[in-house]
Number of protein chains: 2
Amino acid sequence: MEELIPYILQFGKLNQEQIDLISKKAKALDLGKDAYFSEAGKIARQFGFLMKGVIRVCSIDDEGKELTKYFIEEESILTDLNSFDNKAPATVYLQAITECKIIAFSKQDWEELKNAIPELDNIVNKIISKLMFQKVRRLSALVSEDGSTRYLNFLELYPNLVNRIPLSYIASYLGITQSSLSRIRKTIL
Amino acid sequence: MEELIPYILQFGKLNQEQIDLISKKAKALDLGKDAYFSEAGKIARQFGFLMKGVIRVCSIDDEGKELTKYFIEEESILTDLNSFDNKAPATVYLQAITECKIIAFSKQDWEELKNAIPELDNIVNKIISKLMFQKVRRLSALVSEDGSTRYLNFLELYPNLVNRIPLSYIASYLGITQSSLSRIRKTIL
DNA sequence: AGTTTTTTTTGCCAAATGGCAAATGATTTC
DNA sequence: GAAATCATTTGCCATTTGGCAAAAAAAACT
């Protein structure tokens, strides 16, 4: 629980009173493997911070196929922001693919925090900007490369993920089929 | 020049004094076709807002190939943020591919504005968050699809761009070769 | 250990894409 | 309007990838 505060403080200053307030509202949430933090179609009711573990962000496309959009390994905000803010149905699933330690706030608690701490909004915006930059950089790398280059990049980016998650997730993230990925791996090893 | 203020005000409130200050520092900048707003390798010295026209964001990859990362058509911030903030060499080129109307601020002017208007930082963060969301959505769509689907999506996304810019830019953006794109177009039309 | 169940690898073939160079078409320039 | 320049299409063939189903391997369960 105490890990959240230093993370937040990286992005803006808060006084002790504000810190205590956040700590008081924070709820620790442990997710087991394959459990969902939030689901597409439902309204996101929690604002979470991933402190430990790996989350898979995925969606179902028009043909009903499951699509892994990306993985979250490091400290990060967890929520479908549009859904959380506007009570719209979420468009993605947030699924724990390893045991995860999450610190979560209910919609109401989070609103109260934002009212009590005006800086919070800016802090969140900064965090989001940073996370988005990462995401854009990673996605950009995917577009222009062929399968094996994508896979090699994946290995660099998530070195400790390969042997922990199903190959199908990786293939979906890379935008290739599982059998192609399997063949690619054979040529690389 | 007067278009900038309403754009900024969408993202936060400013009083008249602050607005005047921004207007005073703002410099109109018109770029002709193919001119660069900023170049990779150089340090970004301007903070710009694209008010009109189309900008191409591109880079040169390891093999010396030019890579179109994306296009900016709508109102948007223009700068390599990391380069601008930290005086690091920029990683991308920002090139006008049509006549562009830009409102620009020098590094020094922008710093002065940020000091004089604390809200400005938050406003910029909000703008960036929004732009990044768009970018992520667009990039995600590129990864998992095949060439013709990518092209069809491109047509929807930038309906008035197809006939104004070189095919090679589009192909590069889509992550396919120009000849493949040409063949794809033949099957679609 | 033996049986399911799940995950990964293969085989086979069709379809999509890349690479390269030449041909065609469009635009600019003088 | 002819020449030169630039952009796009096409041909040819090698390589990559997809789709599908079966086989093999690994993991989970009893």
# chains A, B, ... in the order shown; residues from 1 in each chain; ligands from 1

$ residues_around --residues "segment 102-116 of chain B" --least-positions-apart "2" --cutoff "9 Å" --atoms "only C-alpha atoms (C1' of nucleotides)" --output "VMD selection string"
chain B and resid 1 4 18 21 to 22 25 to 31 44 to 53 78 84 to 85 100 118 to 121

$ closest_atom_pairs --of "chain A" --to "chain D" --cutoff "9 Å" --atoms "only C-alpha atoms (C1' of nucleotides)" --output "Markdown table"
| residue | atom | partner | partner_atom | distance |
| --- | --- | --- | --- | --- |
| A:Asp146 | CA | D:DT16 | C1' | 8.7 |
| A:Gly147 | CA | D:DT16 | C1' | 8.6 |
| A:Ile176 | CA | D:DT17 | C1' | 8.0 |
| A:Thr177 | CA | D:DG18 | C1' | 7.4 |
| A:Ser179 | CA | D:DG18 | C1' | 8.9 |
| A:Ser180 | CA | D:DT17 | C1' | 6.7 |

$ closest_atom_pairs --of "chain B" --to "chain A" --cutoff "9 Å" --atoms "only C-alpha atoms" --output "tab-separated table"
residue	atom	partner	partner_atom	distance
B:Leu67	CA	A:Ser144	CA	8.1
B:Lys69	CA	A:Ser140	CA	7.0
B:Asp121	CA	A:Asn122	CA	8.5
B:Asn122	CA	A:Asn122	CA	5.7
B:Ile123	CA	A:Asn122	CA	8.9
B:Asn125	CA	A:Asn125	CA	5.9
B:Lys126	CA	A:Asn125	CA	6.3
B:Ile128	CA	A:Ser129	CA	6.5
B:Ser129	CA	A:Ser129	CA	5.2
B:Lys130	CA	A:Ser129	CA	8.9
B:Met132	CA	A:Met132	CA	5.9
B:Phe133	CA	A:Met132	CA	7.2
B:Lys135	CA	A:Val136	CA	7.0
B:Val136	CA	A:Val136	CA	5.8
B:Leu139	CA	A:Leu139	CA	6.2
B:Ser140	CA	A:Leu139	CA	6.8
B:Leu142	CA	A:Val143	CA	6.5
B:Val143	CA	A:Gly175	CA	5.5
B:Ser144	CA	A:Gly175	CA	4.3
B:Glu145	CA	A:Gly175	CA	7.3
B:Ser172	CA	A:Ser144	CA	7.5
B:Tyr173	CA	A:Ser144	CA	7.9
B:Leu174	CA	A:Val143	CA	7.3
B:Gly175	CA	A:Ser144	CA	4.3
B:Ile176	CA	A:Ser144	CA	7.2

$ closest_atom_pairs --of "chain A" --to "chain C" --cutoff "10 Å" --atoms "only C-alpha atoms (C1' of nucleotides)" --output "CSV"
residue,atom,partner,partner_atom,distance
A:Pro166,CA,C:DT7,C1',7.4
A:Leu167,CA,C:DT8,C1',7.9
A:Ser168,CA,C:DT7,C1',8.8
A:Gln178,CA,C:DT8,C1',8.8
A:Ser179,CA,C:DT9,C1',7.7
A:Ser182,CA,C:DT9,C1',6.8
A:Arg183,CA,C:DT9,C1',8.0
A:Lys186,CA,C:DT9,C1',9.3

$ write_last_selection --atoms "N, CA and C atoms" --output "compact mmCIF listing (two decimals), in the first residue's frame"
# COMPACT_ATOMS: atom_id res chain seq x y z
N PRO A 166 0.61 -17.42 -22.24
CA PRO A 166 0.33 -18.23 -23.42
C PRO A 166 0.86 -17.57 -24.70
N LEU A 167 1.32 -18.41 -25.58
CA LEU A 167 1.85 -17.93 -26.84
C LEU A 167 0.78 -17.19 -27.65
N SER A 168 -0.44 -17.62 -27.47
CA SER A 168 -1.51 -17.00 -28.26
C SER A 168 -1.66 -15.53 -27.92
N GLN A 178 -0.85 -17.51 -34.29
CA GLN A 178 -0.04 -18.30 -33.39
C GLN A 178 0.87 -19.25 -34.16
N SER A 179 0.38 -19.82 -35.22
CA SER A 179 1.23 -20.76 -35.95
C SER A 179 2.40 -20.04 -36.60
N SER A 182 4.89 -19.48 -33.96
CA SER A 182 5.58 -20.71 -33.63
C SER A 182 6.68 -21.00 -34.64
N ARG A 183 6.38 -20.81 -35.91
CA ARG A 183 7.40 -21.02 -36.94
C ARG A 183 8.54 -20.02 -36.80
N LYS A 186 10.94 -21.00 -34.19
CA LYS A 186 11.82 -22.10 -34.57
C LYS A 186 13.06 -21.57 -35.31

$ select_by_dssp --residues "segment 28-182 of chain A" --states "strand (DSSP E or B)" --output "PyMOL selection string"
chain A and resi 28-31+36-38+43+46-52+55-60+66-72+76-78+89+93-96+100-106
